[in-house]
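Below is entry_19.txt, holding compact mmCIF, N, CA and C atoms.
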# COMPACT_ATOMS: atom_id res chain seq x y z
N MET P 1 0.84 -1.17 0.00
CA MET P 1 0.00 0.00 0.00
C MET P 1 0.89 1.24 0.00
N SER P 2 0.61 2.18 -0.89
CA SER P 2 1.46 3.37 -0.99
C SER P 2 1.04 4.42 0.04
N ALA P 3 1.99 5.29 0.36
CA ALA P 3 1.73 6.37 1.31
C ALA P 3 0.77 7.37 0.69
N PRO P 4 -0.08 8.01 1.52
CA PRO P 4 -1.00 9.00 0.96
C PRO P 4 -0.23 10.18 0.38
N THR P 5 -0.81 10.75 -0.67
CA THR P 5 -0.21 11.92 -1.31
C THR P 5 -0.39 13.12 -0.38
N PRO P 6 0.69 13.86 -0.08
CA PRO P 6 0.54 15.01 0.82
C PRO P 6 -0.25 16.14 0.16
N GLN P 7 -0.91 16.91 1.01
CA GLN P 7 -1.64 18.08 0.55
C GLN P 7 -0.64 19.06 -0.06
N VAL P 8 -1.04 19.73 -1.15
CA VAL P 8 -0.18 20.70 -1.82
C VAL P 8 -0.62 22.10 -1.41
N LEU P 9 0.32 22.89 -0.91
CA LEU P 9 0.03 24.26 -0.49
C LEU P 9 0.93 25.23 -1.23
N ALA P 10 0.31 26.23 -1.85
CA ALA P 10 1.08 27.34 -2.41
C ALA P 10 1.25 28.34 -1.27
N VAL P 11 2.47 28.82 -1.07
CA VAL P 11 2.73 29.75 0.04
C VAL P 11 3.28 31.06 -0.51
N ASP P 12 2.81 32.16 0.07
CA ASP P 12 3.31 33.47 -0.36
C ASP P 12 4.57 33.83 0.43
N ASN P 13 5.21 34.93 0.04
CA ASN P 13 6.44 35.33 0.72
C ASN P 13 6.22 35.69 2.17
N GLY P 14 5.01 36.13 2.52
CA GLY P 14 4.72 36.42 3.91
C GLY P 14 4.89 35.19 4.78
N VAL P 15 4.52 34.03 4.24
CA VAL P 15 4.68 32.78 5.00
C VAL P 15 6.16 32.47 5.18
N TRP P 16 6.92 32.56 4.10
CA TRP P 16 8.36 32.28 4.21
C TRP P 16 9.02 33.24 5.19
N LEU P 17 8.76 34.54 5.03
CA LEU P 17 9.40 35.54 5.90
C LEU P 17 8.98 35.36 7.34
N SER P 18 7.69 35.20 7.60
CA SER P 18 7.21 35.02 8.97
C SER P 18 7.78 33.75 9.59
N GLY P 19 7.73 32.67 8.83
CA GLY P 19 8.19 31.40 9.37
C GLY P 19 9.69 31.35 9.63
N LEU P 20 10.46 31.93 8.72
CA LEU P 20 11.92 31.89 8.88
C LEU P 20 12.43 32.88 9.91
N ILE P 21 11.71 33.98 10.10
CA ILE P 21 12.21 35.03 11.00
C ILE P 21 11.51 35.01 12.36
N TYR P 22 10.18 34.87 12.35
CA TYR P 22 9.42 35.04 13.59
C TYR P 22 8.90 33.75 14.19
N GLY P 23 8.74 32.71 13.40
CA GLY P 23 8.21 31.45 13.92
C GLY P 23 6.70 31.41 13.84
N GLY P 24 6.06 30.76 14.80
CA GLY P 24 4.61 30.68 14.86
C GLY P 24 4.02 29.73 13.83
N PRO P 25 2.74 29.97 13.46
CA PRO P 25 2.06 29.07 12.53
C PRO P 25 2.77 28.94 11.18
N ALA P 26 3.38 30.01 10.70
CA ALA P 26 4.10 29.94 9.42
C ALA P 26 5.29 28.98 9.53
N GLU P 27 6.00 29.04 10.64
CA GLU P 27 7.12 28.11 10.83
C GLU P 27 6.63 26.67 10.90
N GLU P 28 5.50 26.45 11.58
CA GLU P 28 4.93 25.11 11.66
C GLU P 28 4.57 24.58 10.28
N LEU P 29 4.01 25.45 9.44
CA LEU P 29 3.67 25.05 8.08
C LEU P 29 4.93 24.69 7.28
N ILE P 30 5.97 25.51 7.40
CA ILE P 30 7.23 25.23 6.71
C ILE P 30 7.81 23.90 7.19
N GLN P 31 7.73 23.64 8.49
CA GLN P 31 8.24 22.37 9.02
C GLN P 31 7.48 21.19 8.44
N LEU P 32 6.18 21.36 8.20
CA LEU P 32 5.43 20.29 7.55
C LEU P 32 5.97 20.04 6.14
N GLY P 33 6.41 21.10 5.49
CA GLY P 33 7.04 20.95 4.18
C GLY P 33 8.36 20.22 4.27
N VAL P 34 9.12 20.52 5.31
CA VAL P 34 10.42 19.87 5.52
C VAL P 34 10.23 18.37 5.74
N THR P 35 9.25 18.00 6.55
CA THR P 35 9.05 16.59 6.89
C THR P 35 8.24 15.82 5.86
N GLY P 36 7.69 16.52 4.87
CA GLY P 36 6.90 15.85 3.85
C GLY P 36 5.43 15.72 4.21
N GLY P 37 5.01 16.35 5.31
CA GLY P 37 3.61 16.32 5.69
C GLY P 37 2.72 17.07 4.71
N VAL P 38 3.29 18.06 4.05
CA VAL P 38 2.63 18.79 2.96
C VAL P 38 3.66 19.02 1.88
N ARG P 39 3.19 19.30 0.69
CA ARG P 39 4.10 19.67 -0.40
C ARG P 39 3.90 21.15 -0.65
N LEU P 40 4.95 21.94 -0.46
CA LEU P 40 4.90 23.38 -0.65
C LEU P 40 5.31 23.72 -2.07
N VAL P 41 4.63 24.72 -2.67
CA VAL P 41 5.02 25.19 -4.00
C VAL P 41 5.21 26.70 -3.95
N THR P 42 6.19 27.17 -4.71
CA THR P 42 6.50 28.58 -4.83
C THR P 42 7.04 28.81 -6.24
N THR P 43 7.44 30.03 -6.55
CA THR P 43 8.02 30.32 -7.86
C THR P 43 9.37 31.00 -7.69
N GLN P 44 10.15 30.98 -8.75
CA GLN P 44 11.46 31.62 -8.72
C GLN P 44 11.32 33.12 -8.47
N SER P 45 10.32 33.77 -9.06
CA SER P 45 10.17 35.22 -8.84
C SER P 45 9.85 35.52 -7.38
N MET P 46 9.13 34.64 -6.71
CA MET P 46 8.85 34.85 -5.29
C MET P 46 10.14 34.73 -4.47
N ILE P 47 10.97 33.77 -4.81
CA ILE P 47 12.26 33.65 -4.12
C ILE P 47 13.11 34.89 -4.36
N ASP P 48 13.17 35.33 -5.62
CA ASP P 48 13.97 36.52 -5.95
C ASP P 48 13.48 37.74 -5.17
N SER P 49 12.17 37.90 -5.07
CA SER P 49 11.59 39.02 -4.33
C SER P 49 11.94 38.93 -2.84
N MET P 50 11.86 37.73 -2.28
CA MET P 50 12.19 37.57 -0.87
C MET P 50 13.66 37.85 -0.61
N VAL P 51 14.52 37.42 -1.51
CA VAL P 51 15.96 37.70 -1.36
C VAL P 51 16.20 39.21 -1.32
N ARG P 52 15.52 39.95 -2.21
CA ARG P 52 15.66 41.41 -2.20
C ARG P 52 15.23 42.01 -0.87
N ILE P 53 14.12 41.53 -0.33
CA ILE P 53 13.63 42.03 0.96
C ILE P 53 14.63 41.72 2.06
N LEU P 54 15.10 40.49 2.10
CA LEU P 54 16.05 40.10 3.15
C LEU P 54 17.35 40.87 3.04
N ARG P 55 17.81 41.14 1.83
CA ARG P 55 19.05 41.87 1.62
C ARG P 55 18.87 43.36 1.93
N GLU P 56 17.88 43.98 1.28
CA GLU P 56 17.75 45.44 1.34
C GLU P 56 17.09 45.95 2.62
N ARG P 57 16.11 45.24 3.13
CA ARG P 57 15.39 45.74 4.31
C ARG P 57 15.89 45.16 5.62
N LEU P 58 16.40 43.93 5.56
CA LEU P 58 16.80 43.27 6.79
C LEU P 58 18.31 43.04 6.90
N GLY P 59 19.06 43.41 5.86
CA GLY P 59 20.52 43.36 5.93
C GLY P 59 21.13 41.97 5.96
N PHE P 60 20.48 40.98 5.40
CA PHE P 60 21.05 39.64 5.37
C PHE P 60 22.32 39.63 4.53
N SER P 61 23.30 38.86 4.96
CA SER P 61 24.53 38.70 4.19
C SER P 61 24.27 37.79 3.00
N GLU P 62 25.18 37.82 2.02
CA GLU P 62 25.04 36.95 0.86
C GLU P 62 25.08 35.48 1.28
N ALA P 63 25.91 35.15 2.26
CA ALA P 63 25.99 33.77 2.73
C ALA P 63 24.66 33.33 3.36
N ALA P 64 24.07 34.21 4.15
CA ALA P 64 22.78 33.88 4.77
C ALA P 64 21.70 33.75 3.71
N LEU P 65 21.73 34.62 2.71
CA LEU P 65 20.74 34.54 1.63
C LEU P 65 20.86 33.22 0.87
N GLU P 66 22.09 32.78 0.61
CA GLU P 66 22.30 31.50 -0.07
C GLU P 66 21.71 30.35 0.75
N GLN P 67 21.87 30.41 2.08
CA GLN P 67 21.31 29.37 2.93
C GLN P 67 19.78 29.37 2.88
N VAL P 68 19.18 30.56 2.89
CA VAL P 68 17.72 30.66 2.82
C VAL P 68 17.21 30.05 1.51
N VAL P 69 17.83 30.43 0.40
CA VAL P 69 17.40 29.92 -0.90
C VAL P 69 17.57 28.40 -0.96
N GLN P 70 18.68 27.90 -0.48
CA GLN P 70 18.92 26.46 -0.48
C GLN P 70 17.86 25.75 0.37
N PHE P 71 17.54 26.32 1.53
CA PHE P 71 16.54 25.72 2.41
C PHE P 71 15.18 25.65 1.70
N ILE P 72 14.77 26.75 1.05
CA ILE P 72 13.48 26.77 0.35
C ILE P 72 13.47 25.73 -0.76
N ARG P 73 14.56 25.64 -1.50
CA ARG P 73 14.62 24.66 -2.59
C ARG P 73 14.56 23.22 -2.07
N GLU P 74 15.01 23.01 -0.85
CA GLU P 74 14.97 21.66 -0.27
C GLU P 74 13.58 21.29 0.25
N CYS P 75 12.79 22.27 0.67
CA CYS P 75 11.50 21.92 1.27
C CYS P 75 10.30 22.33 0.42
N ALA P 76 10.54 22.91 -0.76
CA ALA P 76 9.43 23.31 -1.63
C ALA P 76 9.76 23.02 -3.08
N GLU P 77 8.73 22.85 -3.86
CA GLU P 77 8.90 22.75 -5.30
C GLU P 77 8.90 24.17 -5.84
N VAL P 78 9.95 24.53 -6.57
CA VAL P 78 10.08 25.87 -7.14
C VAL P 78 9.70 25.79 -8.61
N LEU P 79 8.60 26.45 -8.96
CA LEU P 79 8.10 26.43 -10.32
C LEU P 79 8.72 27.58 -11.12
N GLU P 80 8.95 27.33 -12.39
CA GLU P 80 9.42 28.39 -13.27
C GLU P 80 8.31 29.43 -13.39
N ASP P 81 8.69 30.66 -13.62
CA ASP P 81 7.72 31.74 -13.74
C ASP P 81 7.04 31.71 -15.09
N THR P 82 5.82 32.24 -15.10
CA THR P 82 5.08 32.41 -16.34
C THR P 82 4.76 33.89 -16.51
N VAL P 83 4.39 34.26 -17.70
CA VAL P 83 4.02 35.64 -17.98
C VAL P 83 2.62 35.88 -17.41
N PRO P 84 2.40 37.00 -16.68
CA PRO P 84 1.05 37.26 -16.15
C PRO P 84 0.01 37.29 -17.26
N PRO P 85 -1.20 36.85 -16.95
CA PRO P 85 -2.24 36.80 -17.97
C PRO P 85 -2.70 38.19 -18.39
N ASP P 86 -3.22 38.29 -19.60
CA ASP P 86 -3.77 39.53 -20.13
C ASP P 86 -5.27 39.37 -20.29
N GLY P 87 -5.93 40.49 -20.53
CA GLY P 87 -7.34 40.47 -20.90
C GLY P 87 -8.22 39.84 -19.85
N ASP P 88 -9.13 38.99 -20.31
CA ASP P 88 -10.13 38.41 -19.43
C ASP P 88 -9.52 37.56 -18.32
N ALA P 89 -8.44 36.88 -18.62
CA ALA P 89 -7.82 36.03 -17.59
C ALA P 89 -7.38 36.86 -16.40
N ALA P 90 -6.94 38.09 -16.63
CA ALA P 90 -6.48 38.94 -15.53
C ALA P 90 -7.61 39.28 -14.57
N SER P 91 -8.85 39.22 -15.01
CA SER P 91 -9.97 39.57 -14.13
C SER P 91 -10.10 38.59 -12.97
N THR P 92 -9.55 37.39 -13.11
CA THR P 92 -9.62 36.43 -12.01
C THR P 92 -8.72 36.84 -10.86
N LEU P 93 -7.85 37.82 -11.08
CA LEU P 93 -6.93 38.28 -10.05
C LEU P 93 -7.44 39.56 -9.38
N ARG P 94 -8.74 39.78 -9.42
CA ARG P 94 -9.37 41.03 -8.97
C ARG P 94 -8.52 41.84 -7.98
N PRO P 95 -8.50 41.52 -6.68
CA PRO P 95 -7.76 42.39 -5.77
C PRO P 95 -6.27 42.10 -5.75
N ALA P 96 -5.84 41.07 -6.42
CA ALA P 96 -4.45 40.63 -6.36
C ALA P 96 -3.66 41.28 -7.48
N ALA P 97 -3.45 42.58 -7.37
CA ALA P 97 -2.87 43.34 -8.46
C ALA P 97 -1.35 43.22 -8.56
N GLY P 98 -0.67 42.93 -7.47
CA GLY P 98 0.78 42.94 -7.49
C GLY P 98 1.39 41.66 -8.03
N PRO P 99 2.65 41.76 -8.45
CA PRO P 99 3.32 40.57 -9.00
C PRO P 99 3.47 39.45 -7.97
N GLY P 100 3.62 39.79 -6.70
CA GLY P 100 3.73 38.75 -5.67
C GLY P 100 2.45 37.95 -5.54
N GLU P 101 1.32 38.64 -5.59
CA GLU P 101 0.05 37.94 -5.50
C GLU P 101 -0.17 37.09 -6.75
N TYR P 102 0.16 37.65 -7.91
CA TYR P 102 0.01 36.85 -9.13
C TYR P 102 0.86 35.59 -9.03
N ALA P 103 2.09 35.72 -8.53
CA ALA P 103 3.01 34.58 -8.48
C ALA P 103 2.46 33.46 -7.60
N VAL P 104 1.91 33.79 -6.44
CA VAL P 104 1.41 32.72 -5.57
C VAL P 104 0.15 32.09 -6.16
N LEU P 105 -0.69 32.87 -6.83
CA LEU P 105 -1.87 32.30 -7.48
C LEU P 105 -1.46 31.41 -8.64
N ASP P 106 -0.45 31.84 -9.39
CA ASP P 106 0.07 31.04 -10.49
C ASP P 106 0.66 29.73 -9.96
N ALA P 107 1.40 29.82 -8.85
CA ALA P 107 1.97 28.61 -8.25
C ALA P 107 0.85 27.66 -7.80
N ALA P 108 -0.21 28.23 -7.24
CA ALA P 108 -1.33 27.39 -6.79
C ALA P 108 -1.97 26.68 -7.97
N ASP P 109 -2.17 27.41 -9.05
CA ASP P 109 -2.81 26.84 -10.23
C ASP P 109 -1.93 25.76 -10.85
N ARG P 110 -0.69 26.10 -11.16
CA ARG P 110 0.18 25.15 -11.84
C ARG P 110 0.66 24.04 -10.94
N GLY P 111 0.75 24.30 -9.63
CA GLY P 111 1.18 23.27 -8.69
C GLY P 111 0.04 22.40 -8.21
N GLU P 112 -1.18 22.68 -8.74
CA GLU P 112 -2.37 21.93 -8.36
C GLU P 112 -2.57 21.92 -6.85
N ALA P 113 -2.45 23.12 -6.25
CA ALA P 113 -2.55 23.27 -4.80
C ALA P 113 -3.98 23.03 -4.32
N SER P 114 -4.07 22.49 -3.12
CA SER P 114 -5.37 22.31 -2.49
C SER P 114 -5.71 23.50 -1.60
N ALA P 115 -4.71 24.37 -1.34
CA ALA P 115 -4.93 25.60 -0.56
C ALA P 115 -3.78 26.56 -0.83
N ILE P 116 -4.05 27.83 -0.53
CA ILE P 116 -3.05 28.89 -0.65
C ILE P 116 -2.87 29.48 0.75
N ALA P 117 -1.65 29.46 1.27
CA ALA P 117 -1.38 30.02 2.59
C ALA P 117 -0.75 31.40 2.42
N VAL P 118 -1.30 32.40 3.12
CA VAL P 118 -0.78 33.76 3.06
C VAL P 118 -0.56 34.28 4.47
N ALA P 119 0.43 35.15 4.62
CA ALA P 119 0.72 35.78 5.91
C ALA P 119 1.14 37.22 5.66
N GLY P 120 0.91 38.05 6.64
CA GLY P 120 1.27 39.46 6.49
C GLY P 120 0.25 40.19 5.63
N PRO P 121 0.55 41.45 5.33
CA PRO P 121 -0.41 42.22 4.53
C PRO P 121 -0.48 41.70 3.10
N SER P 122 -1.66 41.30 2.70
CA SER P 122 -1.86 40.79 1.35
C SER P 122 -3.32 40.99 0.96
N PRO P 123 -3.56 41.49 -0.24
CA PRO P 123 -4.95 41.60 -0.67
C PRO P 123 -5.64 40.23 -0.77
N LEU P 124 -4.85 39.18 -0.84
CA LEU P 124 -5.44 37.84 -0.92
C LEU P 124 -6.18 37.47 0.36
N GLN P 125 -5.82 38.09 1.47
CA GLN P 125 -6.50 37.78 2.73
C GLN P 125 -7.97 38.19 2.70
N GLN P 126 -8.33 39.05 1.76
CA GLN P 126 -9.72 39.48 1.63
C GLN P 126 -10.55 38.52 0.79
N MET P 127 -9.91 37.52 0.21
CA MET P 127 -10.59 36.56 -0.66
C MET P 127 -10.69 35.21 0.05
N PRO P 128 -11.88 34.64 0.15
CA PRO P 128 -11.96 33.31 0.78
C PRO P 128 -11.40 32.20 -0.11
N THR P 129 -11.54 32.37 -1.43
CA THR P 129 -11.04 31.36 -2.38
C THR P 129 -10.57 32.07 -3.65
N TRP P 130 -9.82 31.33 -4.45
CA TRP P 130 -9.45 31.77 -5.79
C TRP P 130 -9.59 30.56 -6.70
N GLN P 131 -10.44 30.65 -7.68
CA GLN P 131 -10.73 29.55 -8.61
C GLN P 131 -10.99 28.24 -7.86
N GLY P 132 -11.74 28.36 -6.77
CA GLY P 132 -12.10 27.18 -5.99
C GLY P 132 -11.05 26.70 -5.00
N ILE P 133 -9.89 27.36 -4.97
CA ILE P 133 -8.82 26.97 -4.04
C ILE P 133 -8.94 27.86 -2.80
N PRO P 134 -9.11 27.26 -1.61
CA PRO P 134 -9.23 28.06 -0.39
C PRO P 134 -7.96 28.88 -0.12
N ILE P 135 -8.15 30.12 0.32
CA ILE P 135 -7.04 30.97 0.74
C ILE P 135 -7.06 31.01 2.26
N VAL P 136 -5.95 30.60 2.88
CA VAL P 136 -5.88 30.45 4.33
C VAL P 136 -4.91 31.47 4.90
N PRO P 137 -5.41 32.51 5.56
CA PRO P 137 -4.51 33.47 6.23
C PRO P 137 -3.92 32.85 7.48
N LEU P 138 -2.62 33.02 7.66
CA LEU P 138 -1.97 32.53 8.88
C LEU P 138 -1.82 33.70 9.84
N ALA P 139 -2.07 33.44 11.11
CA ALA P 139 -1.96 34.50 12.12
C ALA P 139 -0.52 34.83 12.40
Do you think you could lay out the structure here as C-alpha cells?
Amino acid sequence: MSAPTPQVLAVDNGVWLSGLIYGGPAEELIQLGVTGGVRLVTTQSMIDSMVRILRERLGFSEAALEQVVQFIRECAEVLEDTVPPDGDAASTLRPAAGPGEYAVLDAADRGEASAIAVAGPSPLQQMPTWQGIPIVPLA
C-alpha cells in the first residue's frame, strides 16, 4: 500500500518571511514541508523578491541569503515563472494586483494546490477562495 499523497500548499512570501524570522504558525507550516507532511510550492520570482527584501530591508549577508534559498529549494517545489495573464484572464486576479500575488496564485494553479497560505499584509487575505482553491490566512 502506498503512502498518501501530501496536501499541496502554495505559500506566499509572507509565509516564508514570517516562518523563517518570527516562527509561529508559518514556521509550523514550513516544518510540515520539511518533513513531507505537505508539499509546498512557490516560484522563482517569489524567491527573488524575498531575497531582495532580506538583503535590502533586513541586511542579510550573501551567505545567509544562499542558505535561505537552499533551504526553500529543499522543502518546496520551485516552479518556473510564467508571464502574467492579459485580458479576461487577468480579471480572475481582482484584488491581487501585485506581482507577488500573481506569483502565488500562479503557483497554486500550476502546482495543483489544495490551498493557498498567506501571511502578512496581502490583498489575498480578503478573498476566501481563488478559482475554488481556499485561501488560508496565517496569524
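Pairwise distance (atom C of Gly111 in chain P, CA of Gly19 in chain P) equals 21.4 Å.
The interatomic distance for the pair atom C of Arg73 in chain P and atom N of Pro128 in chain P works out to 28.9 Å.
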task = Do a neighbour search on range 39-51 of chain P at 5 Å with only N, CA and C atoms, toss out local chain neighbours closer than 5 positions, and write the hits as a VMD selection string.
result = chain P and resid 6 to 11 76 to 79
query = Among chain P, which residues carry a DSSP assignment of helix (DSSP H, G or I), reported as JSON, numbers by chain?
reply = {"P": [13, 14, 15, 16, 17, 18, 19, 20, 21, 22, 24, 25, 26, 27, 28, 29, 30, 31, 32, 33, 34, 35, 44, 45, 46, 47, 48, 49, 50, 51, 52, 53, 54, 55, 56, 62, 63, 64, 65, 66, 67, 68, 69, 70, 71, 72, 73, 74, 75, 87, 88, 89, 90, 91, 92, 93, 99, 100, 101, 102, 103, 104, 105, 106, 107, 108, 109, 110, 123, 124, 125, 126]}
remark   = note - CA of Gln31 in chain P and atom C of Gly14 in chain P are separated by 13.9 Å
